[in-house]
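This report concerns only the one structure given below.
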Amino acid sequence: MIPERFAEEILALLAPRLAGLISRAAERLTSPLEEIRLREERPLHLVLAKGDTFVTPAGALTADFTQAERVGHEEVSRTFQAVAKGSVYAWEEEVRSGFITVEGGHRVGLCGRAVTEAGRIRTLRQVAGLNIRIAREVKGAADRLLPHLVSGGGVCSTLLISPPQAGKTTLLRDLIRQISNGVPALNLRGMKVGLVDERSEVAGCHRGVPQRDLGPRTDVLDGCPKAEGLMLLIRALSPQVVAVDEIGRPADGDAVMEALHAGVAVLATAHGNDLADIARRPALAMLLQAGAFQRAVILGREPHPGAVRQVIDLQREVAACSS
Amino acid sequence: MAIDVLLLFKIAGVGIIVALMATILKQAGKDDQGQLVTLVGFLLVIMIVASLLGKFFGLVRTTFGM
Amino acid sequence: MFKLIGSLLILGVSSLLGFRVAAAYARRPTELRALQTALAVLTTEIEYGATPLPDALRQAGRAVGAPVCTLLTDAAGRMESGGGITGGEALQQALGRFAPESHLRPADLTVLQALVPVLGASDRRDQVRHLRLAVERLVGAEAQAADERQRYERMYKYVGVLSGLLVVLILY
């Protein structure tokens, strides 16, 4: 259950003693490893796809945290420095946002004492906790969905509706990759895709370079506010398709409309359980009513995250409603 | 006598060098070392003079057959 | 004949010794000044460029000549060679190689040692603060070194030559 390149991308960041322990523990895992949590003076904690566990001083797994190995201050400090590649000062923006994305697209969340200035966080001093979230790519996640979204040699503007932890980000990522590559079987040429990755979750950019495979024709604006980012993409990068994660605010809605007016197809995601949920939010309801999206996809967590529960052809729905 | 002239030059030389060194050392603030050098020079001169005197008295002895 | 060669040898050796000691006095302020320049460049790179530490160290090294250049380049190289060593540790190891070859005193090296736990481990403001403090201390050390140089450089040169002459004179 060890992810690809685990040793180079993740173990290399950890303090040597912790790396040894986790390396041994990882071999005994029965479920994929999702997070490694380092908390100063607290037990070494691993979060799995199903459940969690602690690591004993011998490198074994235990559910009893009192038996677990404790993480020392020096180890947290050293791991943080390794994550920052020895130059903590060079990551001020990231520290302020609370996380650093390392090579491989893994996101390291930071925990510590915040230093504020005029009511806003200036930086984090004394980082005392790290949460290493291991990135996993699932190529082919969109295989079953994509045929429904392709029409007339192009891509339909689609809204992915999903509850939390239902795999929408993974799905979006694979959609982008396949559209960018092109799918000959569906008569889909590779298209230019622009992604606004405000929370750096889709592309996992490290210093502006996407760490995940998003296809050869994809441009990524990392950490950029959605509304502005969409405008930037359209003005400067001439995309054929744009992708945004988690829209919901009025500004997001306006930006999507602008994109559509510019003749660009839009792939967007939003939190929710079904269309009714979406219709309750003003900005999204506006978009639905204006016919911004041609397809809506409802995702669920069962039987597995990313399961497509329903694909709705909104054009037909709208046509059905107005008749 | 020729030997003695050389010795005289030696004394003169030692004296000059020691004086120079002592001045330089004192100028640089190392008074103690300067005084040490002066002392050493003095001793050296005494030794040379002593050997000279020794020869002189030897000469006197032989001259007076003592 | 041999007397001449012998005296030249003695004179040569003692003069050389004297000049060597004098040179050490001359090099210390130069090295201290070079360190200040290099640290100033490092501060700029960190404060305004947010340059990753290995590159910042190389840039700082480029601003000065050996042996300070070698110190910084060595530290940069150690960081880059991986193994997850921190900037501070890289500096510590590089200092180990640098100290015997430099003309700095242990007190001077302590100023650099103080940077070891800090380098690359905190935010910009903190880094700049520590670096500026180190530069200040080096300025003080340089002033003292310059004073010593003024007093002792000439002295040792003369003492070297003169003692050689003295020995030659006494022996022959």
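Ligands are numbered from 1 in the order shown, chains are lettered A, B, ... in the order of the structure tokens, and residues start at 1 in each chain.
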
Item to complete: Pull out every residue of chain A that has at least one atom within 10 Å of chain C, counting only C-alpha atoms, and report them as a count of residues only.
Response: 27

Item to complete: Within segment 36-138 of chain A, find each residue whose DSSP state, derived from the backbone, is helix (DSSP H, G or I), and express the selection as a list of chain:residue names.
Response: A:Phe65, A:Thr66, A:Gln67, A:His73, A:Glu74, A:Glu75, A:Val76, A:Ser77, A:Arg78, A:Thr79, A:Phe80, A:Gln81, A:Ala82, A:Val83, A:Val88, A:Tyr89, A:Ala90, A:Trp91, A:Glu92, A:Glu93, A:Glu94, A:Val95, A:Arg96, A:Ser97

Just-selected residues, C-alpha atoms written as a compact mmCIF listing (two decimals), in the first residue's frame:
# COMPACT_ATOMS: atom_id res chain seq x y z
CA PHE A 65 -1.68 5.88 21.15
CA THR A 66 -0.09 5.55 24.55
CA GLN A 67 2.23 2.95 23.07
CA HIS A 73 10.62 19.14 18.54
CA GLU A 74 13.89 18.75 16.67
CA GLU A 75 12.26 16.28 14.28
CA VAL A 76 9.36 18.55 13.45
CA SER A 77 11.76 21.43 12.92
CA ARG A 78 14.03 19.42 10.69
CA THR A 79 11.14 18.03 8.64
CA PHE A 80 9.75 21.54 8.17
CA GLN A 81 13.13 22.76 6.96
CA ALA A 82 13.38 19.86 4.55
CA VAL A 83 9.90 20.63 3.22
CA VAL A 88 11.94 28.66 5.15
CA TYR A 89 12.02 32.37 4.36
CA ALA A 90 11.34 31.67 0.69
CA TRP A 91 7.89 30.25 1.39
CA GLU A 92 6.28 33.14 3.19
CA GLU A 93 3.16 33.23 1.03
CA GLU A 94 2.66 29.53 1.41
CA VAL A 95 3.23 29.58 5.15
CA ARG A 96 0.69 32.33 5.42
CA SER A 97 -1.84 30.15 3.56

Discussion item. Tell me as a ChimeraX atom specification which residues belonging to chain B come within 7 Å of chain C, counting only C-alpha atoms.
Written reply: /B:10,14,17,21,24-25,28

Item to complete: Figure out the distance between atom CA of Gly263 of chain A and atom CA of Pro216 of chain A, please, to one decimal in Å.
Response: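 Atom CA of Pro216 of chain A sits 21.5 Å away from atom CA of Gly263 of chain A.
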
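Compared by their closest atoms to Ala60 of chain C, and using only C-alpha atoms, the residues C:Leu39, C:Ala76, C:Val111, C:Ala146 rank with C:Leu39 nearest.
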
Discussion item. Give me, as a PyMOL selection string, all polymer residues having an atom no more than 12 Å from Gln35 of chain B, counting only C-alpha atoms and skipping those fewer than 3 positions away in the same chain.
Written reply: chain B and resi 18-26+29-32+38-42

Keeping C-alpha atoms, export the residues of the selection given above as a JSON list (two decimals), in the first residue's frame.
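Dumped to selection.json:
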[["chain", "number", "residue", "atom", "x", "y", "z"],
["B", 18, "VAL", "CA", 69.60, 45.30, 19.03],
["B", 19, "ALA", "CA", 68.93, 49.01, 19.25],
["B", 20, "LEU", "CA", 66.85, 48.89, 16.06],
["B", 21, "MET", "CA", 64.86, 45.87, 17.20],
["B", 22, "ALA", "CA", 64.22, 47.35, 20.60],
["B", 23, "THR", "CA", 62.94, 50.56, 19.04],
["B", 24, "ILE", "CA", 60.65, 48.73, 16.64],
["B", 25, "LEU", "CA", 59.31, 46.53, 19.39],
["B", 26, "LYS", "CA", 58.73, 49.45, 21.70],
["B", 29, "GLY", "CA", 53.78, 48.56, 21.98],
["B", 30, "LYS", "CA", 55.67, 45.44, 22.95],
["B", 31, "ASP", "CA", 57.82, 47.11, 25.60],
["B", 32, "ASP", "CA", 58.57, 43.89, 27.44],
["B", 38, "THR", "CA", 68.08, 44.86, 24.84],
["B", 39, "LEU", "CA", 69.05, 42.55, 27.67],
["B", 40, "VAL", "CA", 69.98, 39.75, 25.30],
["B", 41, "GLY", "CA", 72.04, 42.16, 23.25],
["B", 42, "PHE", "CA", 73.77, 43.35, 26.37]]

Practice prompt. Check the DSSP output for the backbone and give back, as a PyMOL selection string, the residues of segment 61-214 of chain A in strand (DSSP E).
Written response: chain A and resi 61-62+99-101+107-117+120-133+150-151+154-155+158-162+193-197+205-206+209-210

Worksheet entry | Contacts of Leu48 of chain A at 8 Å (only C-alpha atoms; same-chain gap of 2+ positions) as a VMD selection string | chain A and resid 31 to 35 46 50 to 53

If you count only C-alpha atoms, which residues fall within 12 Å of Pro100 of chain C, apart from same-chain ones fewer than 4 positions away, as a PDB file with C-alpha atoms, in the first residue's frame?
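Wrote it out as around12.pdb, contents follow:
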ATOM      1  CA  PRO C  67      38.901  31.708   1.097  1.00  0.00           C
ATOM      2  CA  LEU C  71      33.489  28.567   2.405  1.00  0.00           C
ATOM      3  CA  ALA C  94      31.989  24.017   5.642  1.00  0.00           C
ATOM      4  CA  LEU C  95      33.359  26.019   8.566  1.00  0.00           C
ATOM      5  CA  GLY C  96      35.238  22.928   9.675  1.00  0.00           C
ATOM      6  CA  LEU C 104      40.525  34.308  11.481  1.00  0.00           C
ATOM      7  CA  ARG C 105      40.587  33.973  15.220  1.00  0.00           C
ATOM      8  CA  PRO C 106      38.260  31.654  17.180  1.00  0.00           C
ATOM      9  CA  LEU C 109      34.508  32.121  13.885  1.00  0.00           C
TER      10      LEU C 109
END

Discussion item. Set the distance at 9 Å and use only C-alpha atoms: which residues neighbour Arg39 of chain A once local chain neighbours fewer than 6 positions away are removed? I'd like the list as a ChimeraX atom specification.
Written reply: /A:45,70-73,76,111,128-131

Filtering to C-alpha atoms, could you give me those residues as a PDB file, in the first residue's frame?
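Writing done, so here's out.pdb:
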ATOM      1  CA  HIS A  45      -0.051   9.340  13.636  1.00  0.00           C
ATOM      2  CA  ARG A  70       6.493  10.472  20.224  1.00  0.00           C
ATOM      3  CA  VAL A  71       7.632  13.049  17.745  1.00  0.00           C
ATOM      4  CA  GLY A  72      10.314  15.398  19.072  1.00  0.00           C
ATOM      5  CA  HIS A  73      10.623  19.139  18.541  1.00  0.00           C
ATOM      6  CA  VAL A  76       9.357  18.552  13.446  1.00  0.00           C
ATOM      7  CA  CYS A 111       0.394  24.135  12.445  1.00  0.00           C
ATOM      8  CA  ALA A 128       4.906  22.544  15.822  1.00  0.00           C
ATOM      9  CA  GLY A 129       2.790  20.312  13.663  1.00  0.00           C
ATOM     10  CA  LEU A 130       2.854  19.047  10.105  1.00  0.00           C
ATOM     11  CA  ASN A 131       0.238  17.170   8.133  1.00  0.00           C
TER      12      ASN A 131
END

Worksheet item: Between atom CA of Ala26 of chain C and atom CA of Lys157 of chain C, what is the spacing in Å?
Response: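 Taking atom CA of Lys157 of chain C and atom CA of Ala26 of chain C, their separation equals 11.7 Å.
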
Worksheet item: Can you tell me how far atom CA of Glu69 of chain A sits from atom CA of Arg107 of chain A, in Å to one decimal?
Response: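 If I compute the distance from atom CA of Glu69 of chain A to atom CA of Arg107 of chain A, I get 23.4 Å.
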